[in-house]
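Only one structure is covered here, and it is reproduced in the block below.
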Amino acid sequence: MKENNIMPLQPYQMMTAKDMKIMKENYKGISHFYQNSFIESSEEINAVPDGCIDLVFSFDDNKVNTSIGGTVLKAKPWIFEHKKECFGVRFTPGNNILPNPLSVDMLVNKDIEIDGDIFGENLEEKLMEAGSLEERAHIFIGAYDELLMKYKQDDMKKGIERYVRKRIINTSGMVSIQDIMAETGYSEAYIRRIFKQYNGISPKQFAKFVRFQTLLREIKSDSSIENLAMECNYYDESHMIKEFKNYAGMTVDKYMKTVIPKIVRKRENI
């Protein structure tokens, strides 16, 4: 089964960041690389649920700070420091390979500071000395390939997780756990346990995030609330409005009026 190639969105990062550059990758679990800086001191933006892990290297003179965080469970502050240039790696759901002592469950709804060199020898220094997004992406992929060579995974369990994830993504979050049970022959508890091992969240939670991300891609400044709810498979308008406010941190109406226009302008300059 082929998985739809969908780039997870972080709209407030896109709206707020200065000199935002994005490089789509779709390579061994990497969704894309990004590079940006922020104007205001300790700029606080909201992260939204996407099921992904972000690895961020921040550069300031001769110093590198590295942090890593998993998906948030609802809109949550994501702090970037004043004028620091950031290089980020966004991993697709279920596909991240993490070096010891990191695990996906310890990252859900959290950001932690780490030594970036656990992803590759002298990686922080190499990334700091590189000038462009493309150079940094090339350096990271080289280090990540070496990490992958050391990694061994249970092919059977990974196959189950991959099947469940693809079914959820390809149906925009609308496949039922009963359908997956019937298709795989496994119990709900076993499917949930395997999926959470690789994603840190349950299939049900992930399905909600996928539906929300679908809504973020579909919403326009002049969208009809009624049509959006129907197209994105919400039960009704009130259900969509309530879930959107929880995950986006603001109402649908406010998002359409204040966020969408800024994102459109930013995309025109990327």
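A note on labels: chains of the structure tokens are A, B, ... as shown, every chain counts residues from 1, and ligands are counted from 1 in their shown order.
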
Contacts of range 130-167 of chain A with range 83-105 of chain A up to 9 Å, shortest pair per row, only C-alpha atoms, as a tab-separated table:
residue	atom	partner	partner_atom	distance
A:Leu133	CA	A:Phe87	CA	7.5
A:Arg136	CA	A:Phe87	CA	7.8
A:Ala137	CA	A:Val89	CA	8.4
A:Phe140	CA	A:Val89	CA	8.8
A:Tyr144	CA	A:Ile97	CA	8.6
A:Leu147	CA	A:Pro99	CA	7.5
A:Leu148	CA	A:Ile97	CA	7.0
A:Tyr151	CA	A:Ile97	CA	7.7
A:Lys158	CA	A:Gly94	CA	8.9
A:Glu161	CA	A:Gly94	CA	7.6
A:Arg162	CA	A:Gly94	CA	7.5
A:Arg165	CA	A:Gly94	CA	7.7

Write the residues you've just listed into a file as an mmCIF file, in the first residue's frame, and include C-alpha atoms for each of them.
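Output file part_12.cif follows:
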data_model
loop_
_atom_site.group_PDB
_atom_site.id
_atom_site.type_symbol
_atom_site.label_atom_id
_atom_site.label_comp_id
_atom_site.auth_asym_id
_atom_site.auth_seq_id
_atom_site.Cartn_x
_atom_site.Cartn_y
_atom_site.Cartn_z
ATOM 1 C CA LEU A 133 20.124 24.861 4.072
ATOM 2 C CA ARG A 136 23.263 21.357 6.269
ATOM 3 C CA ALA A 137 20.715 18.894 4.906
ATOM 4 C CA PHE A 140 22.683 15.634 8.352
ATOM 5 C CA TYR A 144 21.736 9.908 9.742
ATOM 6 C CA LEU A 147 22.968 5.991 12.445
ATOM 7 C CA LEU A 148 20.498 3.916 10.416
ATOM 8 C CA TYR A 151 19.726 0.374 13.965
ATOM 9 C CA LYS A 158 7.189 -2.315 12.038
ATOM 10 C CA GLU A 161 2.668 -0.078 12.444
ATOM 11 C CA ARG A 162 3.340 0.974 8.853
ATOM 12 C CA ARG A 165 -0.305 4.462 9.739
#

Which range 34-107 of chain A residues have any atom within 10 Å of an atom of range 200-222 of chain A, and for each, what is the nearest pair of atoms with distance in Å to one decimal, counting only C-alpha atoms, rows sorted by chain and number, as CSV?
residue,atom,partner,partner_atom,distance
A:Val48,CA,A:Phe209,CA,9.1
A:Pro49,CA,A:Phe209,CA,5.9
A:Asp50,CA,A:Phe209,CA,5.8
A:Gly51,CA,A:Phe206,CA,6.4
A:Cys52,CA,A:Gly200,CA,10.0
A:Gly70,CA,A:Gly200,CA,8.4
A:Thr71,CA,A:Gly200,CA,8.7
A:Val72,CA,A:Phe209,CA,9.9
A:Leu73,CA,A:Gln205,CA,8.6
A:Lys74,CA,A:Phe209,CA,9.4
A:Pro93,CA,A:Phe206,CA,9.1
A:Gly94,CA,A:Gly200,CA,8.8
A:Ser103,CA,A:Gly200,CA,8.8
A:Val104,CA,A:Gly200,CA,5.5
A:Asp105,CA,A:Gly200,CA,4.4
A:Met106,CA,A:Gly200,CA,8.0
A:Leu107,CA,A:Gly200,CA,7.9

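Among the candidates A:Met23, A:Asn227, A:Met14, A:Val164, the residue lying nearest to Asn199 in chain A is A:Val164 (atoms considered: only C-alpha atoms).
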
Expected answer as a ChimeraX atom specification: strand (DSSP E) residues in range 30-117 of chain A: /A:30-37,43-47,53-60,63-69,76-80,85-91,111-114

Residue set, range 5-241 of chain A restricted to helix (DSSP H, G or I), as number ranges by chain: A: 11-16, 104-106, 116-119, 123-129, 133-150, 155-170, 177-184, 188-199, 203-218, 225-231, 237-241

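Between CA of Asp54 in chain A and CA of Met250 in chain A there is a distance of 22.8 Å.
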
Length of the CA of Ser224 in chain A to CA of Met20 in chain A vector [Å]: 29.4 Å

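Closest to Thr251 in chain A among A:Ile225, A:Ile139, A:Val56, A:Cys232 is A:Ile225, based on only C-alpha atoms.
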
Who sits within 12 Å of Asn62 in chain A, only C-alpha atoms, same chain under 6 positions skipped, as a list in words: Lys84, Glu124, Glu125, Lys126, Leu127, Met128 and Glu129 of chain A

Gap from CA of Gly131 in chain A to CA of Lys21 in chain A - Å, one decimal: 13.0 Å

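Here the question is which of A:Asn65, A:Asn46, A:Ser187, A:Asn26 gets nearest to Pro11 in chain A using only C-alpha atoms, and that residue is A:Asn46.
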